[in-house]
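Shown next: upload.cif, given as mmCIF, C-alpha atoms.
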```
data_model
loop_
_atom_site.label_atom_id
_atom_site.label_comp_id
_atom_site.auth_asym_id
_atom_site.auth_seq_id
_atom_site.Cartn_x
_atom_site.Cartn_y
_atom_site.Cartn_z
CA MET A 227 -4.09 -14.02 -10.28
CA THR A 228 -7.20 -16.24 -10.39
CA PHE A 229 -5.31 -18.90 -8.47
CA ILE A 230 -4.33 -16.41 -5.75
CA ILE A 231 -7.93 -15.17 -5.37
CA CYS A 232 -9.24 -18.75 -5.11
CA ALA A 233 -6.56 -19.54 -2.54
CA ILE A 234 -7.51 -16.47 -0.47
CA VAL A 235 -11.21 -17.45 -0.56
CA LEU A 236 -10.35 -21.01 0.49
CA LEU A 237 -8.18 -19.75 3.34
CA ILE A 238 -10.98 -17.45 4.53
CA LEU A 239 -13.30 -20.46 4.59
CA PHE A 240 -10.75 -22.37 6.68
CA SER A 241 -10.48 -19.39 9.02
CA ALA A 242 -14.27 -19.30 9.38
CA PHE A 243 -14.23 -23.01 10.18
CA PHE A 244 -11.62 -22.58 12.92
CA SER A 245 -13.40 -19.56 14.43
CA GLY A 246 -16.78 -21.28 14.42
CA SER A 247 -15.28 -24.49 15.83
CA GLU A 248 -13.68 -22.64 18.73
CA THR A 249 -16.95 -20.93 19.66
CA ALA A 250 -19.10 -24.04 19.19
CA LEU A 251 -16.86 -26.32 21.28
CA THR A 252 -16.38 -23.85 24.12
CA ALA A 253 -20.08 -22.90 24.19
CA ALA A 254 -21.39 -26.47 23.96
CA SER A 255 -23.29 -27.73 27.00
CA ARG A 256 -21.12 -30.12 29.00
CA PRO A 257 -24.10 -31.62 30.88
CA LEU A 258 -25.88 -32.30 27.57
CA MET A 259 -22.78 -33.88 26.02
CA HIS A 260 -22.30 -36.03 29.10
CA GLN A 261 -25.91 -37.19 28.95
CA LEU A 262 -25.66 -38.00 25.23
CA GLU A 263 -22.52 -40.01 25.85
CA GLN A 264 -23.81 -41.90 28.88
CA ASP A 265 -27.48 -42.45 28.02
CA GLU A 266 -27.50 -42.52 24.24
CA GLU A 267 -23.92 -43.72 23.68
CA ASP A 268 -23.35 -40.98 21.09
CA SER A 269 -19.77 -41.35 19.82
CA ARG A 270 -19.67 -37.74 18.63
CA ALA A 271 -20.64 -36.50 22.09
CA ALA A 272 -17.89 -38.69 23.53
CA THR A 273 -15.44 -37.04 21.14
CA VAL A 274 -16.59 -33.59 22.24
CA ASN A 275 -16.08 -34.55 25.88
CA ARG A 276 -12.57 -35.88 25.20
CA LEU A 277 -11.67 -32.69 23.36
CA LEU A 278 -12.97 -30.53 26.20
CA ASP A 279 -11.10 -32.66 28.75
CA SER A 280 -7.87 -31.43 27.12
CA LYS A 281 -9.05 -27.91 26.39
CA GLU A 282 -5.53 -26.45 26.21
CA ARG A 283 -4.58 -28.79 23.37
CA LEU A 284 -7.86 -28.07 21.59
CA ILE A 285 -7.51 -24.30 21.80
CA GLY A 286 -3.88 -24.56 20.81
CA ALA A 287 -4.75 -26.52 17.65
CA ILE A 288 -7.55 -24.11 16.71
CA LEU A 289 -5.45 -21.00 17.25
CA LEU A 290 -2.52 -22.49 15.40
CA GLY A 291 -4.67 -23.36 12.39
CA ASN A 292 -6.60 -20.08 12.49
CA ASN A 293 -3.53 -17.87 12.69
CA LEU A 294 -1.76 -19.89 10.02
CA VAL A 295 -4.55 -19.47 7.44
CA ASN A 296 -5.18 -15.82 8.35
CA ILE A 297 -1.52 -14.85 7.99
CA LEU A 298 -1.19 -16.79 4.74
CA ALA A 299 -4.37 -15.19 3.34
CA SER A 300 -3.12 -11.71 4.30
CA ALA A 301 0.26 -12.37 2.71
CA LEU A 302 -1.34 -13.53 -0.56
CA ALA A 303 -3.72 -10.56 -0.55
CA THR A 304 -0.83 -8.14 0.01
CA SER A 305 1.10 -9.72 -2.84
CA LEU A 306 -1.93 -9.42 -5.14
CA MET A 307 -2.65 -5.81 -4.21
CA ILE A 308 1.00 -4.79 -4.75
CA GLN A 309 0.79 -6.25 -8.24
CA LEU A 310 -2.37 -4.24 -8.96
CA PHE A 311 -1.70 -0.92 -7.15
CA GLY A 312 2.01 -0.86 -6.44
CA GLU A 313 3.23 0.27 -3.01
CA THR A 314 -0.20 1.52 -2.00
CA GLY A 315 -1.42 -2.07 -2.37
CA VAL A 316 -0.21 -2.73 1.20
CA VAL A 317 -2.78 -0.24 2.51
CA TRP A 318 -5.55 -1.65 0.35
CA ALA A 319 -4.69 -5.23 1.35
CA THR A 320 -4.80 -4.26 5.03
CA LEU A 321 -8.20 -2.56 4.71
CA VAL A 322 -9.80 -5.26 2.55
CA MET A 323 -8.51 -8.22 4.57
CA THR A 324 -9.49 -6.58 7.87
CA VAL A 325 -13.09 -6.19 6.68
CA VAL A 326 -13.25 -9.63 5.05
CA VAL A 327 -11.68 -11.51 7.97
CA LEU A 328 -13.72 -9.61 10.56
CA ILE A 329 -17.07 -10.23 8.85
CA PHE A 330 -16.69 -13.57 7.10
CA ALA A 331 -14.04 -15.30 9.22
CA GLU A 332 -14.92 -14.04 12.70
CA ILE A 333 -18.31 -12.44 13.36
CA MET A 334 -20.45 -14.50 10.97
CA PRO A 335 -19.14 -18.00 11.86
CA LYS A 336 -19.01 -17.24 15.58
CA THR A 337 -22.55 -15.87 15.59
CA PHE A 338 -23.79 -18.98 13.80
CA ALA A 339 -21.82 -21.19 16.19
CA LEU A 340 -23.30 -19.48 19.24
CA GLN A 341 -26.81 -20.01 17.90
CA ASN A 342 -26.16 -23.69 17.11
CA ALA A 343 -23.39 -24.56 19.58
CA ASN A 344 -24.41 -28.11 20.52
CA LYS A 345 -25.36 -29.20 17.01
CA MET A 346 -22.23 -27.72 15.45
CA ALA A 347 -19.96 -29.13 18.17
CA LEU A 348 -21.23 -32.64 17.43
CA SER A 349 -20.69 -32.11 13.69
CA ILE A 350 -17.12 -30.80 13.76
CA ALA A 351 -15.85 -32.93 16.69
CA PRO A 352 -14.48 -35.80 14.50
CA ILE A 353 -12.59 -33.35 12.27
CA MET A 354 -11.14 -31.49 15.25
CA ARG A 355 -10.03 -34.76 16.84
CA VAL A 356 -7.97 -35.61 13.74
CA LEU A 357 -6.57 -32.07 13.59
CA VAL A 358 -5.57 -32.10 17.25
CA PHE A 359 -3.86 -35.48 16.75
CA ILE A 360 -1.89 -34.25 13.70
CA LEU A 361 -0.80 -31.01 15.36
CA ALA A 362 -0.06 -32.65 18.72
CA PRO A 363 3.78 -32.40 18.48
CA ILE A 364 3.66 -28.72 17.55
CA ILE A 365 1.04 -27.97 20.23
CA ALA A 366 3.09 -29.76 22.87
CA THR A 367 6.12 -27.66 21.98
CA ILE A 368 4.09 -24.45 22.13
CA GLN A 369 2.58 -25.43 25.49
CA PHE A 370 6.05 -26.15 26.86
CA ILE A 371 7.24 -22.69 25.80
CA VAL A 372 4.10 -21.03 27.23
CA ALA A 373 4.36 -22.91 30.55
CA GLY A 374 8.03 -22.01 30.86
CA THR A 375 7.35 -18.36 30.14
CA LEU A 376 4.50 -18.21 32.64
CA LYS A 377 6.64 -19.92 35.26
CA LEU A 378 9.38 -17.39 34.60
CA PHE A 379 6.95 -14.59 35.54
CA GLY A 380 5.64 -16.45 38.60
CA ALA A 381 2.31 -17.55 37.11
CA LYS A 382 1.02 -21.01 37.96
CA ASN A 383 -0.99 -23.41 35.88
CA SER A 384 -4.42 -24.24 37.31
CA GLU A 385 -6.52 -27.20 36.34
CA ASP A 386 -10.27 -26.93 35.99
CA GLY A 387 -11.60 -29.16 38.74
CA GLY A 388 -14.99 -29.61 37.13
CA GLN A 389 -18.21 -27.78 37.69
CA SER A 390 -18.20 -26.11 41.09
CA GLU A 391 -21.16 -25.76 43.41
CA ALA A 392 -21.35 -22.05 42.61
CA GLU A 393 -21.64 -22.87 38.89
CA LEU A 394 -24.37 -25.41 39.62
CA ARG A 395 -26.30 -22.86 41.66
CA GLY A 396 -25.91 -20.34 38.85
CA ALA A 397 -27.19 -22.86 36.32
CA ILE A 398 -30.18 -23.59 38.56
CA ASN A 399 -30.97 -19.88 38.87
CA LEU A 400 -30.80 -19.51 35.09
CA HIS A 401 -33.24 -22.39 34.59
CA ASP A 402 -36.37 -20.96 33.00
CA SER A 403 -39.68 -22.14 31.58
CA ASP A 404 -43.15 -20.90 30.67
CA ASP A 405 -44.52 -22.34 33.92
CA ASP A 406 -43.16 -19.96 36.57
CA ASP A 407 -44.63 -21.88 39.51
CA ALA A 408 -43.12 -25.18 38.37
CA VAL A 409 -39.73 -23.56 37.73
CA SER A 410 -39.74 -21.91 41.15
CA GLN A 411 -40.48 -25.24 42.81
CA GLU A 412 -37.77 -26.99 40.82
CA ARG A 413 -35.23 -24.32 41.73
CA THR A 414 -36.12 -24.64 45.40
CA MET A 415 -35.76 -28.42 45.32
CA LEU A 416 -32.40 -28.35 43.53
CA HIS A 417 -31.02 -25.66 45.86
CA SER A 418 -32.21 -27.68 48.85
CA ILE A 419 -30.33 -30.75 47.65
CA LEU A 420 -27.12 -28.70 47.41
CA ASP A 421 -27.79 -27.28 50.90
CA LEU A 422 -28.00 -30.68 52.61
CA THR A 423 -24.31 -30.66 53.50
CA ASP A 424 -24.43 -27.09 54.87
CA VAL A 425 -27.67 -27.13 56.88
CA GLU A 426 -27.62 -28.57 60.40
CA VAL A 427 -30.45 -30.51 62.04
CA ARG A 428 -30.96 -27.74 64.61
CA GLU A 429 -32.23 -25.55 61.78
CA ILE A 430 -35.08 -27.88 60.81
CA MET A 431 -35.80 -29.82 64.00
CA THR A 432 -39.06 -29.59 65.91
CA HIS A 433 -38.16 -27.62 69.04
CA ARG A 434 -38.77 -29.33 72.36
CA LYS A 435 -41.61 -26.90 73.09
CA GLY A 436 -43.50 -28.37 70.13
CA VAL A 437 -42.62 -32.01 70.84
CA VAL A 438 -45.32 -34.29 72.24
CA MET A 439 -43.82 -36.27 75.14
CA ILE A 440 -45.40 -38.68 77.60
CA ASP A 441 -44.44 -39.41 81.20
CA VAL A 442 -43.75 -43.15 81.32
CA ASP A 443 -44.87 -43.33 84.97
CA LEU A 444 -48.45 -42.37 84.12
CA PRO A 445 -51.08 -45.11 84.28
CA ALA A 446 -51.24 -47.27 81.15
CA GLU A 447 -54.79 -46.15 80.42
CA GLU A 448 -53.75 -42.49 80.39
CA ILE A 449 -50.71 -43.18 78.19
CA VAL A 450 -52.89 -45.05 75.67
CA GLU A 451 -55.32 -42.14 75.68
CA GLN A 452 -52.53 -39.63 74.99
CA VAL A 453 -51.14 -41.78 72.18
CA LEU A 454 -54.56 -42.01 70.54
CA ASP A 455 -55.05 -38.24 70.85
CA SER A 456 -51.65 -37.52 69.30
CA PRO A 457 -51.27 -37.11 65.51
CA TYR A 458 -47.84 -38.81 65.67
CA THR A 459 -46.85 -42.46 65.53
CA ARG A 460 -43.56 -42.09 67.45
CA ILE A 461 -43.64 -40.38 70.84
CA PRO A 462 -40.70 -39.89 73.25
CA LEU A 463 -41.14 -41.23 76.78
CA TYR A 464 -39.52 -39.49 79.73
CA ARG A 465 -39.21 -40.10 83.45
CA ASP A 466 -39.25 -37.36 86.08
CA GLU A 467 -38.31 -34.55 83.65
CA PRO A 468 -38.46 -34.03 79.86
CA ASP A 469 -34.65 -34.05 79.54
CA ASN A 470 -34.58 -37.64 80.84
CA ILE A 471 -35.91 -39.41 77.74
CA ILE A 472 -35.79 -43.17 78.23
CA GLY A 473 -37.20 -44.40 74.92
CA VAL A 474 -39.49 -43.82 71.96
CA LEU A 475 -42.93 -45.43 71.89
CA HIS A 476 -44.28 -46.48 68.52
CA ALA A 477 -48.07 -46.55 68.19
CA LYS A 478 -47.92 -49.87 66.31
CA ALA A 479 -45.96 -51.51 69.12
CA LEU A 480 -48.54 -50.25 71.60
CA LEU A 481 -51.48 -51.57 69.55
CA ARG A 482 -49.82 -54.98 69.15
CA ALA A 483 -49.31 -55.16 72.92
CA ILE A 484 -52.93 -54.21 73.57
CA ARG A 485 -54.08 -56.92 71.16
CA SER A 486 -51.85 -59.52 72.84
CA GLN A 487 -53.33 -58.51 76.21
CA LYS A 488 -56.82 -58.78 74.68
CA GLY A 489 -57.60 -55.24 75.70
CA ASP A 490 -56.48 -55.62 79.32
CA LEU A 491 -54.24 -52.64 80.06
CA SER A 492 -53.44 -53.58 83.65
CA GLY A 493 -50.52 -55.82 82.70
CA LEU A 494 -49.15 -53.47 80.06
CA ASN A 495 -45.50 -52.44 80.58
CA ILE A 496 -45.05 -49.29 78.50
CA GLU A 497 -41.32 -48.98 79.14
CA GLU A 498 -40.64 -52.43 77.67
CA LEU A 499 -42.50 -51.47 74.49
CA ALA A 500 -40.33 -48.41 73.88
CA SER A 501 -37.43 -48.63 71.46
CA LYS A 502 -33.96 -47.43 72.37
CA THR A 503 -33.47 -43.68 72.16
CA TRP A 504 -31.16 -42.41 69.42
CA PHE A 505 -29.48 -39.14 70.40
CA ILE A 506 -27.70 -36.99 67.81
CA PRO A 507 -25.81 -33.68 68.16
CA GLU A 508 -27.53 -30.54 66.92
CA ALA A 509 -24.59 -29.74 64.62
CA THR A 510 -25.16 -32.85 62.46
CA SER A 511 -25.59 -31.95 58.79
CA LEU A 512 -28.75 -32.97 56.99
CA MET A 513 -26.77 -35.05 54.51
CA GLY A 514 -24.99 -36.88 57.32
CA GLN A 515 -28.27 -37.47 59.14
CA LEU A 516 -30.02 -38.65 55.97
CA GLU A 517 -27.26 -41.21 55.42
CA ALA A 518 -27.50 -42.23 59.09
CA PHE A 519 -31.27 -42.72 58.81
CA ARG A 520 -30.73 -44.96 55.79
CA ALA A 521 -27.93 -46.93 57.45
CA ARG A 522 -29.85 -47.54 60.68
CA ARG A 523 -33.22 -47.89 58.95
CA GLU A 524 -34.75 -45.50 61.45
CA HIS A 525 -36.88 -42.41 60.97
CA PHE A 526 -36.67 -40.66 64.34
CA ALA A 527 -33.87 -39.12 66.44
CA ILE A 528 -33.58 -36.91 69.52
CA VAL A 529 -31.46 -33.77 69.05
CA VAL A 530 -29.25 -32.71 71.97
CA ASP A 531 -26.88 -29.78 72.49
CA GLU A 532 -23.25 -29.88 73.60
CA TYR A 533 -24.34 -30.25 77.23
CA GLY A 534 -26.61 -33.21 76.50
CA SER A 535 -29.83 -31.27 76.99
CA VAL A 536 -32.72 -32.20 74.72
CA MET A 537 -33.23 -29.56 72.03
CA GLY A 538 -35.92 -31.24 69.96
CA ILE A 539 -36.53 -34.05 67.49
CA VAL A 540 -35.77 -34.62 63.82
CA THR A 541 -37.35 -37.18 61.52
CA LEU A 542 -36.71 -38.51 58.04
CA GLU A 543 -39.81 -36.63 56.90
CA ASP A 544 -38.27 -33.36 58.12
CA ILE A 545 -35.25 -33.86 55.86
CA LEU A 546 -37.38 -34.91 52.89
CA GLU A 547 -39.53 -31.81 53.38
CA GLU A 548 -36.38 -29.72 53.08
CA ILE A 549 -36.08 -31.03 49.53
CA VAL A 550 -39.64 -31.39 48.24
CA GLY A 551 -41.49 -28.96 50.50
CA ASN A 552 -44.11 -29.66 53.14
CA ILE A 553 -45.54 -33.18 53.15
CA GLU A 554 -48.97 -33.15 54.73
CA ASP A 555 -51.06 -36.19 55.55
CA GLU A 556 -54.48 -36.71 57.07
CA HIS A 557 -53.05 -36.57 60.60
CA ASP A 558 -51.15 -33.30 60.26
CA ASP A 559 -52.43 -30.31 62.18
CA GLN A 560 -53.16 -27.43 59.83
CA VAL A 561 -51.33 -24.70 61.76
CA GLU A 562 -50.79 -21.44 59.91
CA GLY A 563 -47.50 -19.92 60.99
CA VAL A 564 -47.63 -17.15 58.40
CA GLN A 565 -50.63 -14.97 57.59
CA LEU A 566 -50.64 -12.52 54.68
CA GLN A 567 -52.30 -9.20 55.53
CA THR A 568 -54.20 -6.90 53.21
CA ASP A 569 -51.43 -4.28 53.38
CA GLY A 570 -48.86 -6.78 52.06
CA SER A 571 -47.22 -7.48 55.41
CA TYR A 572 -47.07 -10.87 57.13
CA PHE A 573 -47.97 -11.97 60.64
CA VAL A 574 -45.34 -14.60 61.42
CA ASP A 575 -45.15 -16.85 64.48
CA GLY A 576 -41.80 -16.59 66.23
CA ILE A 577 -41.09 -20.31 65.86
CA VAL A 578 -41.35 -20.25 62.04
CA THR A 579 -37.95 -21.12 60.60
CA ILE A 580 -36.03 -18.71 58.42
CA ARG A 581 -35.48 -21.44 55.85
CA ASP A 582 -39.23 -21.95 55.47
CA LEU A 583 -39.74 -18.23 54.88
CA ASN A 584 -36.91 -18.08 52.36
CA ARG A 585 -38.27 -21.12 50.53
CA GLU A 586 -41.87 -19.92 50.52
CA PHE A 587 -41.34 -16.29 49.53
CA GLU A 588 -37.85 -16.45 47.95
CA TRP A 589 -36.47 -14.09 50.58
CA ARG A 590 -32.78 -13.96 51.45
CA LEU A 591 -32.82 -13.70 55.22
CA PRO A 592 -29.60 -15.13 56.72
CA ASP A 593 -29.92 -18.33 58.72
CA GLU A 594 -26.32 -18.78 59.86
CA GLU A 595 -26.80 -17.33 63.35
CA ALA A 596 -30.43 -18.30 64.07
CA ALA A 597 -32.87 -20.96 62.93
CA THR A 598 -36.19 -19.19 63.66
CA ILE A 599 -37.42 -15.73 62.77
CA ALA A 600 -37.64 -14.85 66.49
CA GLY A 601 -34.05 -15.96 66.94
CA LEU A 602 -32.94 -13.75 64.04
CA LEU A 603 -34.72 -10.76 65.56
CA LEU A 604 -33.08 -11.36 68.95
CA HIS A 605 -29.67 -11.78 67.32
CA GLU A 606 -29.92 -8.56 65.35
CA ALA A 607 -31.55 -6.52 68.13
CA ARG A 608 -28.93 -7.66 70.69
CA ARG A 609 -31.63 -7.48 73.35
CA ILE A 610 -35.10 -8.76 74.16
CA PRO A 611 -37.38 -6.21 72.48
CA ASP A 612 -40.69 -4.96 73.85
CA VAL A 613 -44.03 -5.33 72.12
CA GLY A 614 -44.44 -2.61 69.50
CA GLN A 615 -40.72 -2.09 68.89
CA ILE A 616 -39.74 -1.85 65.23
CA PHE A 617 -36.46 -2.86 63.61
CA HIS A 618 -35.16 -2.52 60.05
CA PHE A 619 -32.57 -4.90 58.67
CA PHE A 620 -31.93 -7.08 55.59
CA GLY A 621 -34.43 -5.00 53.63
CA PHE A 622 -37.38 -5.80 55.92
CA ARG A 623 -39.35 -4.08 58.66
CA PHE A 624 -39.86 -6.18 61.80
CA GLU A 625 -42.48 -5.21 64.38
CA VAL A 626 -42.86 -7.19 67.59
CA ARG A 627 -46.56 -8.03 67.98
CA GLU A 628 -46.64 -10.45 70.90
CA ARG A 629 -44.25 -11.62 73.59
CA LYS A 630 -44.67 -14.19 76.33
CA ARG A 631 -42.14 -13.61 79.06
CA ASN A 632 -38.80 -13.60 77.18
CA GLN A 633 -40.09 -15.38 74.09
CA ILE A 634 -41.17 -13.47 70.97
CA THR A 635 -44.28 -15.25 69.74
CA SER A 636 -45.50 -13.07 66.87
CA ILE A 637 -43.84 -10.62 64.45
CA ARG A 638 -45.17 -8.42 61.66
CA ILE A 639 -42.77 -8.50 58.71
CA SER A 640 -43.00 -6.03 55.85
CA PRO A 641 -40.76 -6.21 52.75
CA ALA A 642 -38.67 -3.12 52.04
CA GLN A 643 -40.96 -1.78 49.33
CA ASP A 644 -43.85 -1.75 51.83
CA CYS A 645 -41.95 0.00 54.59
#
```

Please express what this file holds, its structure, as structure tokens.
Amino acid sequence: MTFIICAIVLLILFSAFFSGSETALTAASRPLMHQLEQDEEDSRAATVNRLLDSKERLIGAILLGNNLVNILASALATSLMIQLFGETGVVWATLVMTVVVLIFAEIMPKTFALQNANKMALSIAPIMRVLVFILAPIIATIQFIVAGTLKLFGAKNSEDGGQSEAELRGAINLHDSDDDDAVSQERTMLHSILDLTDVEVREIMTHRKGVVMIDVDLPAEEIVEQVLDSPYTRIPLYRDEPDNIIGVLHAKALLRAIRSQKGDLSGLNIEELASKTWFIPEATSLMGQLEAFRARREHFAIVVDEYGSVMGIVTLEDILEEIVGNIEDEHDDQVEGVQLQTDGSYFVDGIVTIRDLNREFEWRLPDEEAATIAGLLLHEARRIPDVGQIFHFFGFRFEVRERKRNQITSIRISPAQDC
């Protein structure tokens, strides 16, 4: 009898080991294990990764071992109880083993494993590797039977293709810290990196109305004056009309030419100083354009639509700002496109992009159909609204404050709770 009791206790311990191992290995952080393997060359982390790479075999070995010890423990307990209480021993064995297995072989080890998943996974990985290797023939047979049965009922096996973008975004949203401002900035940056393949240059470009251009046929003195007055180092040159851009003038090239002419502007040929214009379609993704900037070692491109009309410009700095936020230098104009009002509403210029608003205030305004807030209002209103008209959509209140001809220049936006 003492031997049977000791055997049951030992089997319960084995069951607790299998239950805790299953929870620890499935709850372990894959990114952390990958980092430990790659950066610290941790052999135990490598073992965990190999086990998780063949998760079906791992789960099969754990379930096989767990069910084997649980059934054997229940059988021994039933035999013992029958000896002590006769036929009613079956009932007592069922009640006692249910409580013992539930508490000591399931809830307790799994709770501990959840609280110490990474540490426990590293500890038990070598043992589980040996167990999986020993039980491999039996597991393979079981998997063959399971796959055949599933196929018989029309079910298909699916392989885990790794961590999807949705899972990465979820992990980013779950990222937390004591410093809320820092966490918010980190989330924004990480989301922006994932968005690079989905966002097009038309959504972040500087619209042609805000682009500084110079007529190449102006006198050299006037062109130099405009370049000096501009806060930009690269300025498009056009002839006859703004759509006819013939090159991009770099301020450094102009200064070098002035120095070579010893300050004499009469012999200065501005058109020869301009670099070749690089035109790109407005549907180019930010990731594609970033790679193109790196490949061509250029920082400036002209954005055109499907008809070849100039839509605006995009620079390397524009793409970087999509990731890290606004980059301001001593030459940037401090233009406030958004003004917070005392009542909690915002005065927003029509040309402010939806992405900037979403990034700044963590709103969720859609930017699939329009790039600017004025464009979104026009798209949703399905007409050109008058000053004073109010619209409600996406949980916000939009009031048209100013309009110049057919262009909405200023909007009051109030979040839903302030409406």

Quick check, in Å to one decimal: how far apart do CA of Leu357 (chain A) and CA of Gly286 (chain A) lie?
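About the pair CA of Leu357 (chain A) and CA of Gly286 (chain A): they are 10.8 Å apart.
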
Find the residues around Ile297 (chain A) up to 12 Å (all atoms listed in the file counted), leave out those fewer than 4 positions away in its own chain, and share them as a ChimeraX atom specification.
/A:234,237-238,240-241,289-293,301-304,320,323-324,327

Step by step, work through what the PyMOL selection byres ((chain A and resi 515-521) around 10) selects in the shown file, and finish by giving those residues as a count of residues only.
21

Can you translate the PyMOL selection byres ((chain A and resi 549) around 12) into the concrete residues it hits in this file, as a PyMOL selection string?
chain A and resi 411-422+425+430+512-513+516+542-548+550-553+581-582+585

Residues selected by the PyMOL selection byres ((chain A and resi 609-616) around 12), written as a PyMOL selection string:
chain A and resi 600-608+617-619+622-640+645
